[in-house]
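A.B. asks: The structure is given below, and queries will be raised subsequently.
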Amino acid sequence: MKVAGKVVVVTGGANGIGQALAETFHREGAARVVVADLDGARAKTVADALGGASFACDVGKESDILRVIDETEKQFGPIELFCSNAGIIGEFDPLSENAGGSSDAPWAKSWAVNVMAHIYAARHLIPRMRARGGGYFLNTVSAAGLLSQVGSSAYSTTKHAAVGFAENLAISHKAHNIRVSILCPQGVETNMIRGMPKGPQSHDGNLTPEEVAQCALEGIDRETFLILPHPQVLDYMRKKTDNYDRWIGGMAKIQAAMRETFGKK
């Protein structure tokens, strides 16, 4: 799909990958870029610089997602590309004393933002896209949804769920001319990764948000389901499925090294 002339919504668009996506789509000639973010003031700053529009939005709330969709289509016309980009790391424990955590709260928040936000967008856009002959979803997930995230079971689990939902979304609605891509980078120079201890997600180097956004644009242009800004991830996926036990053993060694490193601090 060509972005030029399209109405585009980007959630989590106030900074990082989301901001870079918004800026990239604007440069490509999108008819209007709508920036939605929990930080409404920052979203407005980004949108104003692009001649776009903004909304304060908690993507974990269905009513907020619906409001963004309704208001965007009322003001600017049909949404042709919806980028469900917002995400959170949740609890990150490099010592990982208990993968189940100690309470439901971080799991619930991660589930709402990393999974349900994608579902809410689809729930309210699919009927509209079907009625007008098609549309496009770009869901920012993570390489953690294909591999894992040492130190954050909630992040890893919810990102795996996000991949599963996107697969079903693509399968269920391919016949309706609704296309789906998942954006799955490893380390990216964003506020999220700066707040985490250095781990395997940065092993192959951190990309800039702009580099990731360019990969996303190229993937959308080709209508590729799996977009990998770090191409090495494909090889890691193959090694994982080729010998799952060996892969788990290798990841356990990484976990042990992190316990050793951070247990001394």
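Chain labels A, B, ... are given in the sequence in which chains occur in the structure tokens; within each chain residues are numbered consecutively from 1, and ligands are likewise numbered from 1 in the order shown.
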Could you find all residues in range 61-191 of chain A that DSSP calls helix (DSSP H, G or I) from the backbone, and write them as a count of residues only?

C.D. replies: 71

A.B. asks: Can you pull out every residue within 9 Å of Arg42 in chain A, counting only C-alpha atoms, but drop anything in the same chain fewer than 6 positions away, and send it as a PDB file with C-alpha atoms, in the first residue's frame?

C.D. replies:
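Okay, this is what ended up in result.pdb:
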ATOM      1  CA  GLY A  13       3.009   8.843  18.393  1.00  0.00           C
ATOM      2  CA  ALA A  14       4.381  11.458  20.764  1.00  0.00           C
ATOM      3  CA  ASN A  15       7.928  10.082  20.792  1.00  0.00           C
TER       4      ASN A  15
END

A.B. asks: Got a sec: who's within 10 Å of Pro78 in chain A, counting only C-alpha atoms, leaving out chain neighbours fewer than 5 positions off, as a ChimeraX atom specification?

C.D. replies: /A:6-8,69-70,72-73,125,128-129,132,135

A.B. asks: Identify which of the residues A:Pro231, A:Gly12, A:Pro106, A:Gly52 lies closest to Gly205 in chain A, counting only C-alpha atoms when measuring atom-to-atom distances.

C.D. replies: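 Among A:Pro231, A:Gly12, A:Pro106, A:Gly52, it is A:Pro231 that comes nearest to Gly205 in chain A.
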
A.B. asks: Find the residue from A:Ser96, A:Ser152, A:Thr241, A:Asn85 that sits nearest to Gly16 in chain A; use only C-alpha atoms when measuring.

C.D. replies: A:Asn85

A.B. asks: Per DSSP on the backbone, filter range 52-101 of chain A down to the residues in strand (DSSP E) and report them as a VMD selection string.

C.D. replies: chain A and resid 53 to 56 81 to 84

A.B. asks: Expressed in Å to a single decimal, how great is the separation between CA of Leu183 in chain A and CA of Arg246 in chain A?

C.D. replies: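 Between CA of Leu183 in chain A and CA of Arg246 in chain A the gap is 26.4 Å.
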
A.B. asks: Between A:Arg179, A:Leu147, A:Pro127, A:Ile119, which is the closest to Lys240 in chain A once you count only C-alpha atoms?

C.D. replies: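 Looking at the shortest contact to Lys240 in chain A, the residue is A:Leu147.
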
A.B. asks: In Å, with one decimal, what is the gap from CA of Gly101 in chain A to CA of Asn243 in chain A?

C.D. replies: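 So the two atoms, CA of Gly101 in chain A and CA of Asn243 in chain A, lie 27.9 Å apart.
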
A.B. asks: Set the distance at 10 Å and use only C-alpha atoms: which residues neighbour Gln214 in chain A once local chain neighbours fewer than 5 positions away are removed? I'd like the list as an MDAnalysis selection string.

C.D. replies: chainID A and resid 20:21 24:25 209 219:220 229

A.B. asks: How many Å lie between CA of Ala86 in chain A and CA of Glu218 in chain A, rounded to one decimal?

C.D. replies: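 Those two atoms sit 20.2 Å apart.
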
A.B. asks: Need the shell around Ser148 in chain A: protein/DNA/RNA residues with any atom at most 12 Å away, counting only C-alpha atoms. Skip same-chain ones fewer than 5 positions apart. Format as a PDB file with N, CA and C atoms, in the first residue's frame?

C.D. replies:
ATOM      1  N   VAL A 141       4.954  -4.569  17.413  1.00  0.00           N
ATOM      2  CA  VAL A 141       5.019  -5.639  18.424  1.00  0.00           C
ATOM      3  C   VAL A 141       6.426  -5.587  19.024  1.00  0.00           C
ATOM      4  N   SER A 142       7.315  -6.446  18.602  1.00  0.00           N
ATOM      5  CA  SER A 142       8.689  -6.505  19.114  1.00  0.00           C
ATOM      6  C   SER A 142       9.248  -7.851  18.718  1.00  0.00           C
ATOM      7  N   ALA A 143      10.561  -7.922  18.596  1.00  0.00           N
ATOM      8  CA  ALA A 143      11.189  -9.228  18.411  1.00  0.00           C
ATOM      9  C   ALA A 143      10.907 -10.132  19.608  1.00  0.00           C
ATOM     10  N   SER A 153       8.644 -11.307  31.920  1.00  0.00           N
ATOM     11  CA  SER A 153       7.711 -12.319  31.431  1.00  0.00           C
ATOM     12  C   SER A 153       6.420 -11.694  30.936  1.00  0.00           C
ATOM     13  N   ALA A 154       5.981 -10.600  31.555  1.00  0.00           N
ATOM     14  CA  ALA A 154       4.743  -9.955  31.122  1.00  0.00           C
ATOM     15  C   ALA A 154       4.904  -9.369  29.722  1.00  0.00           C
ATOM     16  N   TYR A 155       6.029  -8.739  29.472  1.00  0.00           N
ATOM     17  CA  TYR A 155       6.281  -8.162  28.153  1.00  0.00           C
ATOM     18  C   TYR A 155       6.349  -9.264  27.104  1.00  0.00           C
ATOM     19  N   SER A 156       7.118 -10.300  27.386  1.00  0.00           N
ATOM     20  CA  SER A 156       7.267 -11.396  26.441  1.00  0.00           C
ATOM     21  C   SER A 156       5.925 -12.057  26.146  1.00  0.00           C
ATOM     22  N   THR A 157       5.160 -12.323  27.203  1.00  0.00           N
ATOM     23  CA  THR A 157       3.880 -13.013  27.032  1.00  0.00           C
ATOM     24  C   THR A 157       2.892 -12.178  26.234  1.00  0.00           C
ATOM     25  N   THR A 158       2.771 -10.909  26.560  1.00  0.00           N
ATOM     26  CA  THR A 158       1.804 -10.068  25.862  1.00  0.00           C
ATOM     27  C   THR A 158       2.232  -9.794  24.421  1.00  0.00           C
ATOM     28  N   LYS A 159       3.523  -9.713  24.182  1.00  0.00           N
ATOM     29  CA  LYS A 159       3.968  -9.505  22.809  1.00  0.00           C
ATOM     30  C   LYS A 159       3.752 -10.762  21.965  1.00  0.00           C
ATOM     31  N   HIS A 160       3.897 -11.946  22.564  1.00  0.00           N
ATOM     32  CA  HIS A 160       3.538 -13.171  21.855  1.00  0.00           C
ATOM     33  C   HIS A 160       2.048 -13.170  21.517  1.00  0.00           C
ATOM     34  N   ALA A 161       1.239 -12.726  22.455  1.00  0.00           N
ATOM     35  CA  ALA A 161      -0.201 -12.658  22.211  1.00  0.00           C
ATOM     36  C   ALA A 161      -0.522 -11.668  21.097  1.00  0.00           C
ATOM     37  N   CYS A 184       8.592  -5.684  14.172  1.00  0.00           N
ATOM     38  CA  CYS A 184       9.221  -6.421  15.272  1.00  0.00           C
ATOM     39  C   CYS A 184      10.724  -6.139  15.378  1.00  0.00           C
ATOM     40  N   GLN A 186      14.366  -5.307  17.401  1.00  0.00           N
ATOM     41  CA  GLN A 186      15.035  -5.583  18.680  1.00  0.00           C
ATOM     42  C   GLN A 186      15.278  -4.222  19.351  1.00  0.00           C
ATOM     43  N   GLY A 199      20.652  -5.561  27.732  1.00  0.00           N
ATOM     44  CA  GLY A 199      20.408  -6.995  27.653  1.00  0.00           C
ATOM     45  C   GLY A 199      20.528  -7.498  26.231  1.00  0.00           C
ATOM     46  N   PRO A 200      20.059  -8.729  25.981  1.00  0.00           N
ATOM     47  CA  PRO A 200      20.206  -9.330  24.655  1.00  0.00           C
ATOM     48  C   PRO A 200      19.452  -8.581  23.561  1.00  0.00           C
ATOM     49  N   GLN A 201      18.447  -7.767  23.946  1.00  0.00           N
ATOM     50  CA  GLN A 201      17.701  -7.007  22.937  1.00  0.00           C
ATOM     51  C   GLN A 201      18.589  -6.010  22.198  1.00  0.00           C
ATOM     52  N   VAL A 233      16.932 -11.365  13.286  1.00  0.00           N
ATOM     53  CA  VAL A 233      15.859 -12.015  14.042  1.00  0.00           C
ATOM     54  C   VAL A 233      15.309 -13.231  13.298  1.00  0.00           C
ATOM     55  N   TYR A 236      17.405 -16.101  14.177  1.00  0.00           N
ATOM     56  CA  TYR A 236      17.132 -16.528  15.554  1.00  0.00           C
ATOM     57  C   TYR A 236      15.828 -17.324  15.637  1.00  0.00           C
ATOM     58  N   MET A 237      14.833 -16.910  14.878  1.00  0.00           N
ATOM     59  CA  MET A 237      13.568 -17.637  14.861  1.00  0.00           C
ATOM     60  C   MET A 237      13.769 -19.055  14.328  1.00  0.00           C
ATOM     61  N   LYS A 240      15.449 -21.152  16.896  1.00  0.00           N
ATOM     62  CA  LYS A 240      14.511 -21.465  17.968  1.00  0.00           C
ATOM     63  C   LYS A 240      13.655 -22.670  17.595  1.00  0.00           C
ATOM     64  N   TRP A 247      17.566 -23.821  22.295  1.00  0.00           N
ATOM     65  CA  TRP A 247      17.307 -22.387  22.362  1.00  0.00           C
ATOM     66  C   TRP A 247      16.971 -21.950  23.785  1.00  0.00           C
ATOM     67  N   ILE A 248      16.121 -22.720  24.468  1.00  0.00           N
ATOM     68  CA  ILE A 248      15.780 -22.391  25.857  1.00  0.00           C
ATOM     69  C   ILE A 248      17.025 -22.460  26.732  1.00  0.00           C
ATOM     70  N   GLY A 250      20.074 -21.830  25.809  1.00  0.00           N
ATOM     71  CA  GLY A 250      20.861 -20.636  25.539  1.00  0.00           C
ATOM     72  C   GLY A 250      20.283 -19.398  26.206  1.00  0.00           C
ATOM     73  N   MET A 251      18.952 -19.260  26.172  1.00  0.00           N
ATOM     74  CA  MET A 251      18.308 -18.124  26.825  1.00  0.00           C
ATOM     75  C   MET A 251      18.486 -18.199  28.340  1.00  0.00           C
ATOM     76  N   ALA A 252      18.458 -19.408  28.884  1.00  0.00           N
ATOM     77  CA  ALA A 252      18.662 -19.576  30.327  1.00  0.00           C
ATOM     78  C   ALA A 252      20.067 -19.144  30.734  1.00  0.00           C
ATOM     79  N   ILE A 254      21.720 -16.744  29.269  1.00  0.00           N
ATOM     80  CA  ILE A 254      21.658 -15.280  29.278  1.00  0.00           C
ATOM     81  C   ILE A 254      21.027 -14.797  30.577  1.00  0.00           C
ATOM     82  N   GLN A 255      19.960 -15.466  30.995  1.00  0.00           N
ATOM     83  CA  GLN A 255      19.311 -15.107  32.255  1.00  0.00           C
ATOM     84  C   GLN A 255      20.274 -15.278  33.433  1.00  0.00           C
TER      85      GLN A 255
END

A.B. asks: Skip Asp64 in chain A itself and residues of its chain fewer than 4 positions away, then list as a PyMOL selection string all residues within 12 Å of it, counting only C-alpha atoms.

C.D. replies: chain A and resi 11+36-38+55-60+68-71+117+120-121+124

A.B. asks: Excluding same-chain residues fewer than 6 positions from Val180 in chain A, what lies within 7 Å of it counting only C-alpha atoms, as JSON, numbers by chain?

C.D. replies: {"A": [136, 137, 138, 166, 170, 225]}

A.B. asks: Rank A:Ala30, A:Val212, A:Ala257, A:Glu189 by their smallest atom-to-atom distance to Ile79 in chain A, using only C-alpha atoms, and report the top residue only.

C.D. replies: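 Comparing A:Ala30, A:Val212, A:Ala257, A:Glu189 against Ile79 in chain A, the winner is A:Ala30.
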